[in-house]
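Coordinates from run10.cif are shown below (mmCIF, C-alpha atoms and all ligand atoms).
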```
data_model
loop_
_atom_site.label_atom_id
_atom_site.label_comp_id
_atom_site.auth_asym_id
_atom_site.auth_seq_id
_atom_site.Cartn_x
_atom_site.Cartn_y
_atom_site.Cartn_z
CA MET A 11 0.00 0.00 0.00
CA SER A 12 2.42 2.65 -1.22
CA TYR A 13 -0.23 5.35 -1.01
CA LEU A 14 -0.65 5.08 2.75
CA GLN A 15 3.06 5.03 3.49
CA LEU A 16 4.58 8.49 3.74
CA GLU A 17 8.06 7.43 4.84
CA GLU A 18 10.20 8.66 2.00
CA GLU A 19 13.51 10.39 1.56
CA ALA A 20 13.34 13.53 -0.56
CA PRO A 21 14.06 12.25 -4.10
CA ALA A 22 16.40 14.04 -6.53
CA VAL A 23 13.39 15.65 -8.23
CA ALA A 24 12.33 17.42 -4.99
CA ASP A 25 12.29 21.21 -4.95
CA ASP A 26 13.02 22.56 -1.48
CA GLY A 27 11.77 19.32 0.09
CA VAL A 28 8.54 19.20 -1.96
CA TRP A 29 7.66 16.74 -4.71
CA LEU A 30 4.75 14.85 -6.28
CA THR A 31 4.17 11.10 -5.88
CA CYS A 32 1.75 8.93 -7.87
CA ILE A 33 -0.61 7.18 -5.45
CA GLU A 34 -0.79 4.11 -7.69
CA CYS A 35 2.70 3.38 -9.07
CA GLY A 36 4.82 5.54 -6.75
CA ALA A 37 6.50 7.50 -9.58
CA GLN A 38 7.97 10.78 -8.34
CA PHE A 39 7.95 14.12 -10.12
CA ALA A 40 9.39 17.59 -9.62
CA PRO A 41 6.57 19.83 -8.35
CA PHE A 42 6.94 22.97 -10.45
CA ASP A 43 9.01 22.18 -13.55
CA ASP A 44 6.10 21.11 -15.73
CA ILE A 45 2.33 21.35 -15.61
CA ARG A 46 0.95 17.95 -14.71
CA TYR A 47 -2.21 16.87 -12.91
CA THR A 48 -1.87 13.09 -13.06
CA CYS A 49 0.95 10.52 -13.32
CA ASP A 50 2.96 10.52 -16.57
CA ASP A 51 3.33 6.75 -16.34
CA CYS A 52 -0.09 5.44 -15.27
CA ASP A 53 -2.40 8.48 -15.30
CA SER A 54 -3.40 7.99 -11.63
CA LEU A 55 -3.76 10.76 -9.04
CA LEU A 56 -0.75 12.61 -7.69
CA GLU A 57 -0.11 13.63 -4.10
CA VAL A 58 2.14 16.39 -2.74
CA ARG A 59 4.89 15.03 -0.48
CA TYR A 60 7.28 16.76 1.92
CA ALA A 61 10.70 15.87 3.31
CA ASP A 62 9.78 17.41 6.68
CA LEU A 63 6.39 17.14 8.31
CA PRO A 64 5.62 19.57 11.14
CA GLY A 65 3.89 18.99 14.48
CA PHE A 66 1.43 21.44 16.05
CA ASP A 67 4.21 23.53 17.63
CA ALA A 68 5.40 24.62 14.15
CA PHE A 69 2.18 26.54 13.45
CA GLU A 70 1.78 30.27 14.07
CA GLY A 71 -0.43 33.07 12.79
CA GLU A 72 -4.00 32.68 11.58
CA GLY A 73 -5.90 31.06 8.72
CA VAL A 74 -4.62 28.74 6.02
CA TRP A 75 -1.11 30.23 6.06
CA ARG A 76 -0.75 29.53 9.76
CA TYR A 77 0.09 26.06 8.44
CA ASP A 78 2.78 27.13 5.97
CA ALA A 79 5.16 24.56 7.49
CA ALA A 80 2.82 21.90 6.07
CA LEU A 81 2.35 23.66 2.70
CA PRO A 82 4.52 24.07 -0.41
CA PHE A 83 4.93 27.85 0.08
CA GLU A 84 5.17 30.33 2.93
CA GLU A 85 2.43 32.56 1.61
CA GLY A 86 -0.13 32.69 -1.16
CA VAL A 87 -2.71 34.79 -2.94
CA SER A 88 -4.82 35.49 0.12
CA LEU A 89 -8.11 37.25 0.93
CA PRO A 90 -7.51 35.86 3.72
CA GLU A 91 -9.14 32.45 4.23
CA GLY A 92 -9.49 29.81 6.93
CA HIS A 93 -9.79 30.41 10.70
CA THR A 94 -13.49 29.54 10.48
CA PRO A 95 -15.68 29.05 13.56
CA LEU A 96 -16.20 25.72 15.31
CA HIS A 97 -19.73 26.44 16.54
CA ARG A 98 -21.31 24.92 19.62
CA VAL A 99 -24.86 23.77 18.94
CA PRO A 100 -26.20 22.62 22.33
CA ARG A 101 -29.80 21.95 21.23
CA LEU A 102 -28.75 19.93 18.21
CA GLU A 103 -26.13 18.09 20.31
CA ASP A 104 -28.92 17.17 22.72
CA GLU A 105 -31.38 16.16 20.03
CA ILE A 106 -28.93 13.96 18.14
CA GLY A 107 -27.56 12.59 21.41
CA VAL A 108 -23.79 12.56 21.20
CA ASN A 109 -21.22 13.50 23.84
CA ALA A 110 -20.09 16.63 22.01
CA LEU A 111 -21.14 18.09 18.67
CA ARG A 112 -19.41 21.01 16.98
CA ILE A 113 -20.06 22.57 13.57
CA LYS A 114 -17.03 23.63 11.54
CA HIS A 115 -18.62 26.34 9.41
CA GLU A 116 -16.60 26.66 6.24
CA GLY A 117 -19.26 28.98 4.82
CA MET A 118 -17.42 31.71 6.74
CA ASN A 119 -14.55 31.80 4.25
CA PRO A 120 -14.13 34.92 2.03
CA THR A 121 -16.27 33.68 -0.87
CA GLY A 122 -18.48 31.59 1.40
CA SER A 123 -17.10 28.07 0.99
CA PHE A 124 -14.08 25.93 1.86
CA LYS A 125 -12.96 26.11 -1.79
CA ASP A 126 -11.06 29.31 -0.84
CA ARG A 127 -8.58 27.24 1.18
CA GLY A 128 -7.64 25.25 -1.90
CA MET A 129 -7.54 28.28 -4.18
CA THR A 130 -5.12 30.32 -2.05
CA VAL A 131 -2.57 27.52 -2.52
CA GLY A 132 -3.60 26.54 -6.07
CA VAL A 133 -3.38 30.07 -7.48
CA ARG A 134 0.01 30.53 -5.77
CA VAL A 135 1.20 27.41 -7.63
CA ALA A 136 -0.24 28.79 -10.88
CA GLU A 137 1.92 31.89 -10.36
CA GLU A 138 4.96 29.69 -9.77
CA LEU A 139 4.26 27.83 -13.02
CA GLY A 140 3.79 31.09 -14.89
CA VAL A 141 0.42 30.29 -16.46
CA ASP A 142 -1.91 33.06 -17.62
CA ARG A 143 -5.33 31.38 -17.73
CA LEU A 144 -7.02 29.44 -14.93
CA ALA A 145 -10.00 27.15 -15.41
CA CYS A 146 -12.34 24.85 -13.53
CA ALA A 147 -15.52 22.86 -13.87
CA SER A 148 -17.82 23.59 -10.98
CA THR A 149 -21.11 22.93 -9.24
CA GLY A 150 -20.74 26.61 -8.27
CA ASN A 151 -18.47 27.21 -5.30
CA THR A 152 -15.22 26.32 -7.02
CA SER A 153 -16.06 28.82 -9.75
CA ALA A 154 -16.81 31.57 -7.20
CA ALA A 155 -13.52 30.92 -5.41
CA LEU A 156 -11.49 30.63 -8.61
CA ALA A 157 -12.98 33.86 -9.97
CA ALA A 158 -12.13 35.78 -6.78
CA TYR A 159 -8.61 34.40 -6.32
CA GLY A 160 -7.87 34.69 -10.03
CA ALA A 161 -9.00 38.32 -9.93
CA ARG A 162 -6.81 38.92 -6.89
CA ALA A 163 -3.82 37.50 -8.76
CA GLY A 164 -4.66 39.40 -11.95
CA LEU A 165 -5.14 36.20 -13.97
CA GLU A 166 -7.78 35.34 -16.55
CA THR A 167 -10.37 32.80 -15.35
CA LEU A 168 -12.66 30.44 -17.22
CA VAL A 169 -15.39 28.41 -15.53
CA LEU A 170 -17.59 25.64 -16.92
CA LEU A 171 -20.94 25.19 -15.18
CA PRO A 172 -23.77 22.68 -15.69
CA SER A 173 -26.54 24.73 -17.26
CA GLY A 174 -29.43 25.52 -14.91
CA LYS A 175 -27.96 23.55 -11.99
CA VAL A 176 -25.88 26.16 -10.18
CA ALA A 177 -27.28 28.17 -7.26
CA ALA A 178 -27.82 31.86 -7.96
CA GLY A 179 -25.34 33.27 -5.42
CA LYS A 180 -22.48 31.30 -6.90
CA VAL A 181 -23.05 32.34 -10.53
CA ALA A 182 -23.34 35.97 -9.36
CA GLN A 183 -19.98 35.73 -7.62
CA ALA A 184 -18.18 34.16 -10.58
CA SER A 185 -19.70 36.78 -12.83
CA LEU A 186 -18.86 39.87 -10.79
CA HIS A 187 -15.32 38.67 -10.01
CA GLY A 188 -14.81 38.60 -13.75
CA ALA A 189 -14.72 34.95 -14.73
CA ARG A 190 -15.73 33.99 -18.23
CA ILE A 191 -18.68 31.65 -17.57
CA LEU A 192 -19.48 28.83 -19.99
CA GLU A 193 -22.77 27.05 -19.35
CA VAL A 194 -22.55 23.47 -20.55
CA ASP A 195 -25.59 21.51 -21.61
CA GLY A 196 -24.67 18.60 -19.32
CA ASN A 197 -23.91 17.81 -15.67
CA PHE A 198 -20.82 18.61 -13.60
CA ASP A 199 -19.04 15.43 -14.68
CA HIS A 200 -19.38 16.46 -18.34
CA CYS A 201 -17.98 19.91 -17.51
CA LEU A 202 -14.99 18.30 -15.83
CA ASP A 203 -14.39 16.01 -18.83
CA ILE A 204 -14.24 19.08 -21.10
CA VAL A 205 -12.08 21.24 -18.84
CA GLN A 206 -9.63 18.32 -18.41
CA ASP A 207 -9.38 18.15 -22.21
CA LEU A 208 -8.77 21.90 -22.38
CA ALA A 209 -6.06 21.63 -19.71
CA GLU A 210 -4.40 18.72 -21.50
CA ARG A 211 -4.31 20.79 -24.69
CA GLY A 212 -2.54 23.56 -22.79
CA GLU A 213 -5.46 26.01 -22.99
CA ALA A 214 -5.70 26.66 -19.25
CA TYR A 215 -4.35 25.65 -15.85
CA LEU A 216 -6.81 23.29 -14.16
CA LEU A 217 -7.86 24.17 -10.62
CA ASN A 218 -10.31 21.41 -9.83
CA SER A 219 -9.53 19.18 -6.86
CA LEU A 220 -7.87 16.76 -9.27
CA ASN A 221 -5.05 19.30 -8.90
CA PRO A 222 -3.13 17.96 -5.89
CA PHE A 223 -2.16 21.44 -4.65
CA ARG A 224 -5.81 22.36 -4.02
CA LEU A 225 -6.02 19.57 -1.46
CA GLU A 226 -2.98 20.93 0.39
CA GLY A 227 -4.93 24.08 1.22
CA GLN A 228 -8.02 22.09 2.12
CA LYS A 229 -6.18 19.84 4.57
CA THR A 230 -5.92 22.90 6.85
CA ILE A 231 -9.61 22.31 7.74
CA GLY A 232 -8.43 19.17 9.53
CA LEU A 233 -5.55 20.99 11.21
CA GLU A 234 -7.87 23.72 12.50
CA ILE A 235 -10.39 21.18 13.81
CA MET A 236 -7.72 19.15 15.61
CA GLU A 237 -6.13 22.22 17.21
CA ARG A 238 -9.39 23.92 18.21
CA PHE A 239 -11.11 20.80 19.50
CA HIS A 240 -8.06 19.87 21.55
CA ALA A 241 -7.79 23.38 22.98
CA ASP A 242 -11.46 23.23 24.09
CA TYR A 243 -11.71 19.64 25.33
CA GLY A 244 -8.15 18.35 25.84
CA ARG A 245 -8.80 15.55 23.34
CA PHE A 246 -9.37 15.05 19.63
CA PRO A 247 -12.79 14.37 18.04
CA ASP A 248 -13.81 10.74 17.43
CA ARG A 249 -15.47 11.47 14.13
CA ILE A 250 -15.68 14.08 11.38
CA VAL A 251 -18.79 14.02 9.20
CA LEU A 252 -18.72 15.82 5.85
CA PRO A 253 -20.67 16.12 2.60
CA VAL A 254 -19.00 14.37 -0.34
CA GLY A 255 -19.08 15.47 -3.97
CA ASN A 256 -15.80 14.99 -5.80
CA ALA A 257 -14.34 13.63 -2.53
CA GLY A 258 -11.50 16.17 -2.47
CA ASN A 259 -12.15 17.21 1.11
CA THR A 260 -12.42 13.60 2.22
CA ALA A 261 -9.01 12.96 0.67
CA ALA A 262 -7.57 16.17 2.14
CA LEU A 263 -8.70 15.33 5.68
CA TYR A 264 -7.16 11.90 5.42
CA LYS A 265 -3.89 13.36 4.19
CA CYS A 266 -3.94 15.75 7.12
CA PHE A 267 -4.24 12.88 9.61
CA ARG A 268 -1.58 10.73 7.90
CA GLU A 269 0.85 13.64 8.00
CA LEU A 270 0.12 14.41 11.66
CA ARG A 271 0.76 10.77 12.51
CA GLN A 272 3.94 10.73 10.49
CA ALA A 273 5.10 13.85 12.33
CA GLY A 274 4.40 12.12 15.65
CA ALA A 275 1.87 14.84 16.55
CA ILE A 276 -0.99 12.34 17.09
CA ASP A 277 -1.35 8.60 17.78
CA ALA A 278 -3.20 6.06 15.67
CA ASP A 279 -6.24 6.16 17.97
CA ASP A 280 -6.39 9.97 17.78
CA VAL A 281 -7.38 9.84 14.11
CA PRO A 282 -11.06 10.79 13.70
CA LYS A 283 -13.31 8.45 11.74
CA ILE A 284 -13.92 10.10 8.38
CA THR A 285 -17.62 9.80 7.62
CA GLY A 286 -18.96 10.86 4.22
CA VAL A 287 -22.51 11.89 3.37
CA GLN A 288 -24.03 12.04 -0.10
CA ALA A 289 -27.48 12.83 -1.44
CA GLU A 290 -29.50 9.75 -2.41
CA GLY A 291 -29.64 10.94 -6.02
CA ALA A 292 -25.84 11.23 -6.31
CA ALA A 293 -24.29 8.58 -4.08
CA PRO A 294 -21.57 6.63 -5.95
CA MET A 295 -19.16 6.81 -2.98
CA VAL A 296 -21.79 5.42 -0.62
CA GLU A 297 -22.43 2.61 -3.08
CA ALA A 298 -18.70 1.77 -3.22
CA ILE A 299 -18.41 1.72 0.59
CA GLU A 300 -21.55 -0.40 0.99
CA ASP A 301 -20.39 -2.86 -1.72
CA ASP A 302 -16.83 -2.86 -0.37
CA ALA A 303 -15.76 -2.12 -3.95
CA ASP A 304 -12.23 -1.10 -4.94
CA GLU A 305 -13.52 1.41 -7.44
CA VAL A 306 -16.42 3.79 -7.69
CA ARG A 307 -18.96 3.21 -10.45
CA ARG A 308 -19.70 6.42 -12.37
CA TRP A 309 -23.38 7.40 -12.09
CA GLU A 310 -24.53 8.88 -15.39
CA GLU A 311 -27.75 10.36 -14.01
CA VAL A 312 -27.57 12.42 -10.83
CA GLU A 313 -30.12 14.65 -9.13
CA THR A 314 -30.44 16.44 -5.80
CA ARG A 315 -31.48 19.79 -4.34
CA ALA A 316 -27.97 19.92 -2.85
CA THR A 317 -26.46 21.05 -6.16
CA ALA A 318 -22.93 21.42 -4.73
CA ILE A 319 -22.72 17.63 -4.40
CA ARG A 320 -24.63 16.71 -7.56
CA ILE A 321 -21.70 14.64 -8.84
CA GLY A 322 -21.70 11.12 -10.26
CA ASN A 323 -18.00 10.54 -10.87
CA PRO A 324 -15.96 11.57 -7.79
CA VAL A 325 -12.45 11.97 -9.21
CA ASN A 326 -10.72 11.78 -5.83
CA ALA A 327 -12.31 8.44 -4.93
CA PRO A 328 -8.96 6.54 -5.10
CA LYS A 329 -7.66 8.82 -2.33
CA ALA A 330 -10.91 9.11 -0.39
CA LEU A 331 -12.05 5.46 -0.18
CA PRO A 332 -8.91 4.41 1.75
CA GLY A 333 -9.41 7.47 3.97
CA ILE A 334 -12.90 6.37 4.98
CA ARG A 335 -11.88 2.72 5.40
CA GLU A 336 -8.54 3.14 7.17
CA THR A 337 -9.99 5.53 9.76
CA GLY A 338 -12.92 3.24 10.54
CA GLY A 339 -15.42 5.69 9.09
CA THR A 340 -18.36 5.03 6.82
CA ALA A 341 -20.58 6.67 4.20
CA ILE A 342 -24.33 7.21 4.11
CA ALA A 343 -26.90 8.66 1.71
CA VAL A 344 -29.65 11.07 2.80
CA SER A 345 -32.79 12.29 1.06
CA ASP A 346 -33.37 15.88 -0.04
CA GLU A 347 -36.07 16.14 2.67
CA GLU A 348 -33.59 15.06 5.34
CA ILE A 349 -31.12 17.63 4.00
CA THR A 350 -33.69 20.44 4.18
CA ASP A 351 -34.71 19.39 7.71
CA ALA A 352 -31.09 19.60 8.82
CA GLN A 353 -30.68 22.96 7.08
CA ARG A 354 -33.66 24.29 9.09
CA THR A 355 -32.33 22.85 12.35
CA LEU A 356 -28.92 24.46 11.85
CA ALA A 357 -30.56 27.75 10.94
CA GLY A 358 -32.54 27.43 14.18
CA GLU A 359 -29.24 27.61 16.06
CA GLY A 360 -28.12 30.63 14.05
CA VAL A 361 -25.90 28.68 11.67
CA GLY A 362 -26.86 29.46 8.06
CA VAL A 363 -25.70 26.88 5.51
CA GLU A 364 -26.50 25.86 1.97
CA PRO A 365 -28.23 22.49 1.32
CA ALA A 366 -25.10 20.40 0.55
CA SER A 367 -23.58 21.53 3.84
CA ALA A 368 -26.59 20.39 5.83
CA ALA A 369 -26.07 16.88 4.44
CA SER A 370 -23.38 16.35 7.10
CA VAL A 371 -25.86 16.94 9.93
CA ALA A 372 -28.58 14.94 8.16
CA GLY A 373 -26.12 12.05 7.81
CA LEU A 374 -25.06 12.21 11.45
CA ARG A 375 -28.71 12.20 12.55
CA LYS A 376 -29.37 9.10 10.49
CA LEU A 377 -26.22 7.27 11.62
CA ARG A 378 -27.08 8.03 15.26
CA ASP A 379 -30.64 6.75 14.74
CA GLU A 380 -29.24 3.58 13.20
CA GLY A 381 -26.83 3.15 16.12
CA VAL A 382 -23.75 3.37 13.89
CA VAL A 383 -22.66 6.48 15.81
CA SER A 384 -22.78 5.93 19.55
CA ALA A 385 -23.91 8.29 22.32
CA ASP A 386 -20.43 8.71 23.80
CA GLU A 387 -18.85 10.07 20.61
CA ASP A 388 -17.33 13.51 20.09
CA VAL A 389 -18.35 14.59 16.59
CA VAL A 390 -17.53 17.49 14.29
CA CYS A 391 -19.81 18.14 11.31
CA LEU A 392 -18.41 20.12 8.43
CA THR A 393 -20.71 22.67 6.84
CA THR A 394 -19.10 23.54 3.57
CA GLY A 395 -20.95 26.60 2.21
CA HIS A 396 -22.93 29.66 3.35
CA LEU A 397 -26.75 29.97 3.36
CA LEU A 398 -26.65 32.93 0.94
CA LYS A 399 -25.02 30.80 -1.74
CA ASP A 400 -28.42 29.33 -2.55
CA PRO A 401 -31.04 31.94 -1.63
CA ASP A 402 -33.80 30.05 -3.48
CA ALA A 403 -33.29 26.89 -1.42
CA ALA A 404 -33.18 28.96 1.78
CA ALA A 405 -36.41 30.79 0.95
CA GLU A 406 -38.11 27.51 0.11
CA ALA A 407 -36.98 25.88 3.36
CA GLY A 408 -37.99 28.88 5.47
CA ALA A 409 -41.35 30.47 6.25
CA ASP A 410 -43.08 32.71 3.68
CA PRO A 411 -43.27 36.46 4.29
CA GLU A 412 -46.77 37.60 5.35
CA PRO A 413 -48.30 40.55 3.52
CA VAL A 414 -49.90 43.13 5.88
CA PRO A 415 -51.59 46.51 5.36
CA ASN A 416 -49.63 49.72 5.86
CA ASP A 417 -51.19 50.37 9.31
CA THR A 418 -50.11 49.55 12.90
CA ASP A 419 -53.53 48.44 14.17
CA ALA A 420 -53.94 46.17 11.18
CA VAL A 421 -50.47 44.76 11.82
CA LEU A 422 -51.39 44.05 15.47
CA GLU A 423 -54.62 42.44 14.39
CA HIS A 424 -52.67 40.26 11.95
CA LEU A 425 -50.19 39.24 14.70
CA ASP A 426 -53.05 38.22 17.02
CA ASP A 427 -54.61 35.91 14.41
C1 LIG A 501 -17.41 21.49 -3.33
C2 LIG A 501 -18.45 21.34 -2.29
C3 LIG A 501 -18.71 20.10 -1.68
C4 LIG A 501 -18.04 18.84 -2.11
O1 LIG A 501 -16.71 18.76 -1.72
P1 LIG A 501 -15.75 17.65 -2.37
O2 LIG A 501 -14.42 18.00 -1.85
O3 LIG A 501 -15.86 17.82 -3.85
O4 LIG A 501 -16.26 16.33 -1.92
C5 LIG A 501 -19.63 20.06 -0.66
N1 LIG A 501 -20.32 21.15 -0.28
C6 LIG A 501 -20.11 22.35 -0.85
C7 LIG A 501 -20.91 23.52 -0.38
C8 LIG A 501 -19.17 22.48 -1.86
O5 LIG A 501 -19.00 23.68 -2.44
ZN ZN A 502 1.65 6.31 -11.70
#
```
Since I need it in another form, could you write the structure as structure tokens?
Ligand SMILES: *Cc1c(COP(=O)(O)O)cnc(C)c1O
Ligand SMILES: [Zn+2]
Amino acid sequence: MSYLQLEEEAPAVADDGVWLTCIECGAQFAPFDDIRYTCDDCDSLLEVRYADLPGFDAFEGEGVWRYDAALPFEEGVSLPEGHTPLHRVPRLEDEIGVNALRIKHEGMNPTGSFKDRGMTVGVRVAEELGVDRLACASTGNTSAALAAYGARAGLETLVLLPSGKVAAGKVAQASLHGARILEVDGNFDHCLDIVQDLAERGEAYLLNSLNPFRLEGQKTIGLEIMERFHADYGRFPDRIVLPVGNAGNTAALYKCFRELRQAGAIDADDVPKITGVQAEGAAPMVEAIEDDADEVRRWEEVETRATAIRIGNPVNAPKALPGIRETGGTAIAVSDEEITDAQRTLAGEGVGVEPASAASVAGLRKLRDEGVVSADEDVVCLTTGHLLKDPDAAAEAGADPEPVPNDTDAVLEHLDD
């Protein structure tokens, strides 16, 4: 299992102790000499590797770049991102019935989703490589983040979106930050197929989570959770529950924990169980976990109200499946109704999230009901995007405004009804 083993000497191709390793065949590549997204030899996924892995005492400052000792650069194109809240939700903790429940609200990043953490690193790498056009396929949030970070860096950005399936807030962001928006008559997976072709033909630098540098930024979610939870409770969480689309975050969390172990910063039994949640209409990862399959079967037809995770071909599955399995986690599918219920419950504690984000809480609820999660567990749910990303879904889930006459007595009368 070469992928799980990090013990490596820096190879000759390393640049300042950083290099790329193929997770399948182990081939090693220089990180910044050429543009490559997958292995030259076998076309599998690449992973960023480091000669030195830091423990918690190496981190200082705030946000993603607090963790520069675990990243390929000391600073990036920053807005700044990270340092998101780990909310207490006492009523929800009580209702679900776990020892401790915290909500890591990634919707509090600059463009309203965790994608910013990946972009601050990814766009820094793009500068290093000297490219002039950035591109991504997106269910919405990646395009918003790419547009903002590209604008910040003064680079041209191109985004491919599935026509009619992207929440309004996200398109508005990509548009105002100056991305060129191409609406594809297909789903997200088709958009990614096309943008991968464009990248291969040298038309643009690809900043989807297939790009291993994106995941380096995203692993700082795990670092923040581990540090914050430990500061509050003197222990690490037993489980982290997150929504899964392309499975980049799942892979990034697992990489975070492998590196912390390698650094001697945590023990094997400190590693939280990575628990993925998908919508019933787009659940190829759940299927693979339930069938104990080595590979994920691509779903051609996908549908869910949680458009951010409306994905049938999770490209990071080869990194994410071992992450779920090796940590003792699991994966579960939830219905759109369960997602909306959880979105309302979170909103009832003041935490405003978009539908995909609420899938984590919906999944935890279900796993607790089924007895898979036990009452003595400490759990962190990841909420990946902000409520305002999808104003239509929020308005539909919430109560309707009540029309009243322009008159105080009439208003009082209405309130008494
Ligand atoms: C991108 C995204 C996801 C899916 O994350 P993956 O890393 O692709 O699994 C989930 N929720 C929101 C809000 C997102 O923007
Ligand atoms: Zn390879």
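Once all atoms listed in the file are used for the distance check, the residues close to ligand ZN 502 (chain A) at 7 Å turn out to be Cys32, Ile33, Glu34, Cys35, Gly36, Ala37, Cys49, Asp50, Asp51, Cys52, Asp53 and Ser54 of chain A.
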- Name the residues in contact with region 302-312 of chain A at a cut-off of 12 Å, using all atoms listed in the file, excluding same-chain residues fewer than 3 positions from it; report them as a PyMOL selection string. chain A and resi 172+175+196-200+255-257+288-299+315-332+334-335+340-341
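The gap separating CA of Ala343 (chain A) from CA of Asp402 (chain A) is 23.1 Å, in Å to one decimal.
Candidate residues A:Thr350, A:Thr337, A:Asn416, A:Thr121 were compared for distance to ligand LIG 501 (chain A), and the nearest is A:Thr121, using all atoms listed in the file.
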- Can I get the residues close to ligand LIG 501 (chain A) as a PyMOL selection string, where close means within 9 Å and we count only C-alpha atoms and all ligand atoms? chain A and resi 116-117+122-125+148-152+218-219+225+228+252-262+286+316-321+324-326+363-369+392-396+399
Since we have the selection now, will you write its residues out, keeping C-alpha atoms, as a PDB file, in the coordinates of the input?
```pdb
ATOM      1  CA  GLU A 116     -16.600  26.660   6.240  1.00  0.00           C
ATOM      2  CA  GLY A 117     -19.260  28.980   4.820  1.00  0.00           C
ATOM      3  CA  GLY A 122     -18.480  31.590   1.400  1.00  0.00           C
ATOM      4  CA  SER A 123     -17.100  28.070   0.990  1.00  0.00           C
ATOM      5  CA  PHE A 124     -14.080  25.930   1.860  1.00  0.00           C
ATOM      6  CA  LYS A 125     -12.960  26.110  -1.790  1.00  0.00           C
ATOM      7  CA  SER A 148     -17.820  23.590 -10.980  1.00  0.00           C
ATOM      8  CA  THR A 149     -21.110  22.930  -9.240  1.00  0.00           C
ATOM      9  CA  GLY A 150     -20.740  26.610  -8.270  1.00  0.00           C
ATOM     10  CA  ASN A 151     -18.470  27.210  -5.300  1.00  0.00           C
ATOM     11  CA  THR A 152     -15.220  26.320  -7.020  1.00  0.00           C
ATOM     12  CA  ASN A 218     -10.310  21.410  -9.830  1.00  0.00           C
ATOM     13  CA  SER A 219      -9.530  19.180  -6.860  1.00  0.00           C
ATOM     14  CA  LEU A 225      -6.020  19.570  -1.460  1.00  0.00           C
ATOM     15  CA  GLN A 228      -8.020  22.090   2.120  1.00  0.00           C
ATOM     16  CA  LEU A 252     -18.720  15.820   5.850  1.00  0.00           C
ATOM     17  CA  PRO A 253     -20.670  16.120   2.600  1.00  0.00           C
ATOM     18  CA  VAL A 254     -19.000  14.370  -0.340  1.00  0.00           C
ATOM     19  CA  GLY A 255     -19.080  15.470  -3.970  1.00  0.00           C
ATOM     20  CA  ASN A 256     -15.800  14.990  -5.800  1.00  0.00           C
ATOM     21  CA  ALA A 257     -14.340  13.630  -2.530  1.00  0.00           C
ATOM     22  CA  GLY A 258     -11.500  16.170  -2.470  1.00  0.00           C
ATOM     23  CA  ASN A 259     -12.150  17.210   1.110  1.00  0.00           C
ATOM     24  CA  THR A 260     -12.420  13.600   2.220  1.00  0.00           C
ATOM     25  CA  ALA A 261      -9.010  12.960   0.670  1.00  0.00           C
ATOM     26  CA  ALA A 262      -7.570  16.170   2.140  1.00  0.00           C
ATOM     27  CA  GLY A 286     -18.960  10.860   4.220  1.00  0.00           C
ATOM     28  CA  ALA A 316     -27.970  19.920  -2.850  1.00  0.00           C
ATOM     29  CA  THR A 317     -26.460  21.050  -6.160  1.00  0.00           C
ATOM     30  CA  ALA A 318     -22.930  21.420  -4.730  1.00  0.00           C
ATOM     31  CA  ILE A 319     -22.720  17.630  -4.400  1.00  0.00           C
ATOM     32  CA  ARG A 320     -24.630  16.710  -7.560  1.00  0.00           C
ATOM     33  CA  ILE A 321     -21.700  14.640  -8.840  1.00  0.00           C
ATOM     34  CA  PRO A 324     -15.960  11.570  -7.790  1.00  0.00           C
ATOM     35  CA  VAL A 325     -12.450  11.970  -9.210  1.00  0.00           C
ATOM     36  CA  ASN A 326     -10.720  11.780  -5.830  1.00  0.00           C
ATOM     37  CA  VAL A 363     -25.700  26.880   5.510  1.00  0.00           C
ATOM     38  CA  GLU A 364     -26.500  25.860   1.970  1.00  0.00           C
ATOM     39  CA  PRO A 365     -28.230  22.490   1.320  1.00  0.00           C
ATOM     40  CA  ALA A 366     -25.100  20.400   0.550  1.00  0.00           C
ATOM     41  CA  SER A 367     -23.580  21.530   3.840  1.00  0.00           C
ATOM     42  CA  ALA A 368     -26.590  20.390   5.830  1.00  0.00           C
ATOM     43  CA  ALA A 369     -26.070  16.880   4.440  1.00  0.00           C
ATOM     44  CA  LEU A 392     -18.410  20.120   8.430  1.00  0.00           C
ATOM     45  CA  THR A 393     -20.710  22.670   6.840  1.00  0.00           C
ATOM     46  CA  THR A 394     -19.100  23.540   3.570  1.00  0.00           C
ATOM     47  CA  GLY A 395     -20.950  26.600   2.210  1.00  0.00           C
ATOM     48  CA  HIS A 396     -22.930  29.660   3.350  1.00  0.00           C
ATOM     49  CA  LYS A 399     -25.020  30.800  -1.740  1.00  0.00           C
TER      50      LYS A 399
END
```
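Among the candidates A:Pro120, A:Pro82, A:Pro21, A:Pro64, the one nearest to Tyr159 (chain A) when counting all atoms listed in the file is A:Pro120.
If all atoms listed in the file are the atoms counted, then among A:Val87, A:Leu422, A:Leu220, A:Ala407 the closest residue to Gly358 (chain A) is A:Ala407.
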- Find the residues near Thr167 (chain A): any atom within 12 Å, counting only C-alpha atoms, skip ones fewer than 3 places away on the same chain, and give them as an NGL selection string. :A and (133 or 136 or 141-147 or 152-164 or 170 or 184-192 or 213-217)
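Nearest to Glu269 (chain A) of all the residues A:Gly232, A:Pro247, A:Gly27, A:Gly212 is A:Gly232, counting all atoms listed in the file.
Closest approach to Phe246 (chain A) from the set A:Arg112, A:His97, A:Arg224, A:Lys180 is made by A:Arg112, with distances taken over all atoms listed in the file.
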- Option closest in space to Val28 (chain A), from A:Val361, A:Phe83, A:Leu168, A:Asp419 [counting only C-alpha atoms]: A:Phe83
- Rounded to one decimal in Å, what is the spacing between CA of Leu233 (chain A) and CA of Gly73 (chain A)? 10.4 Å
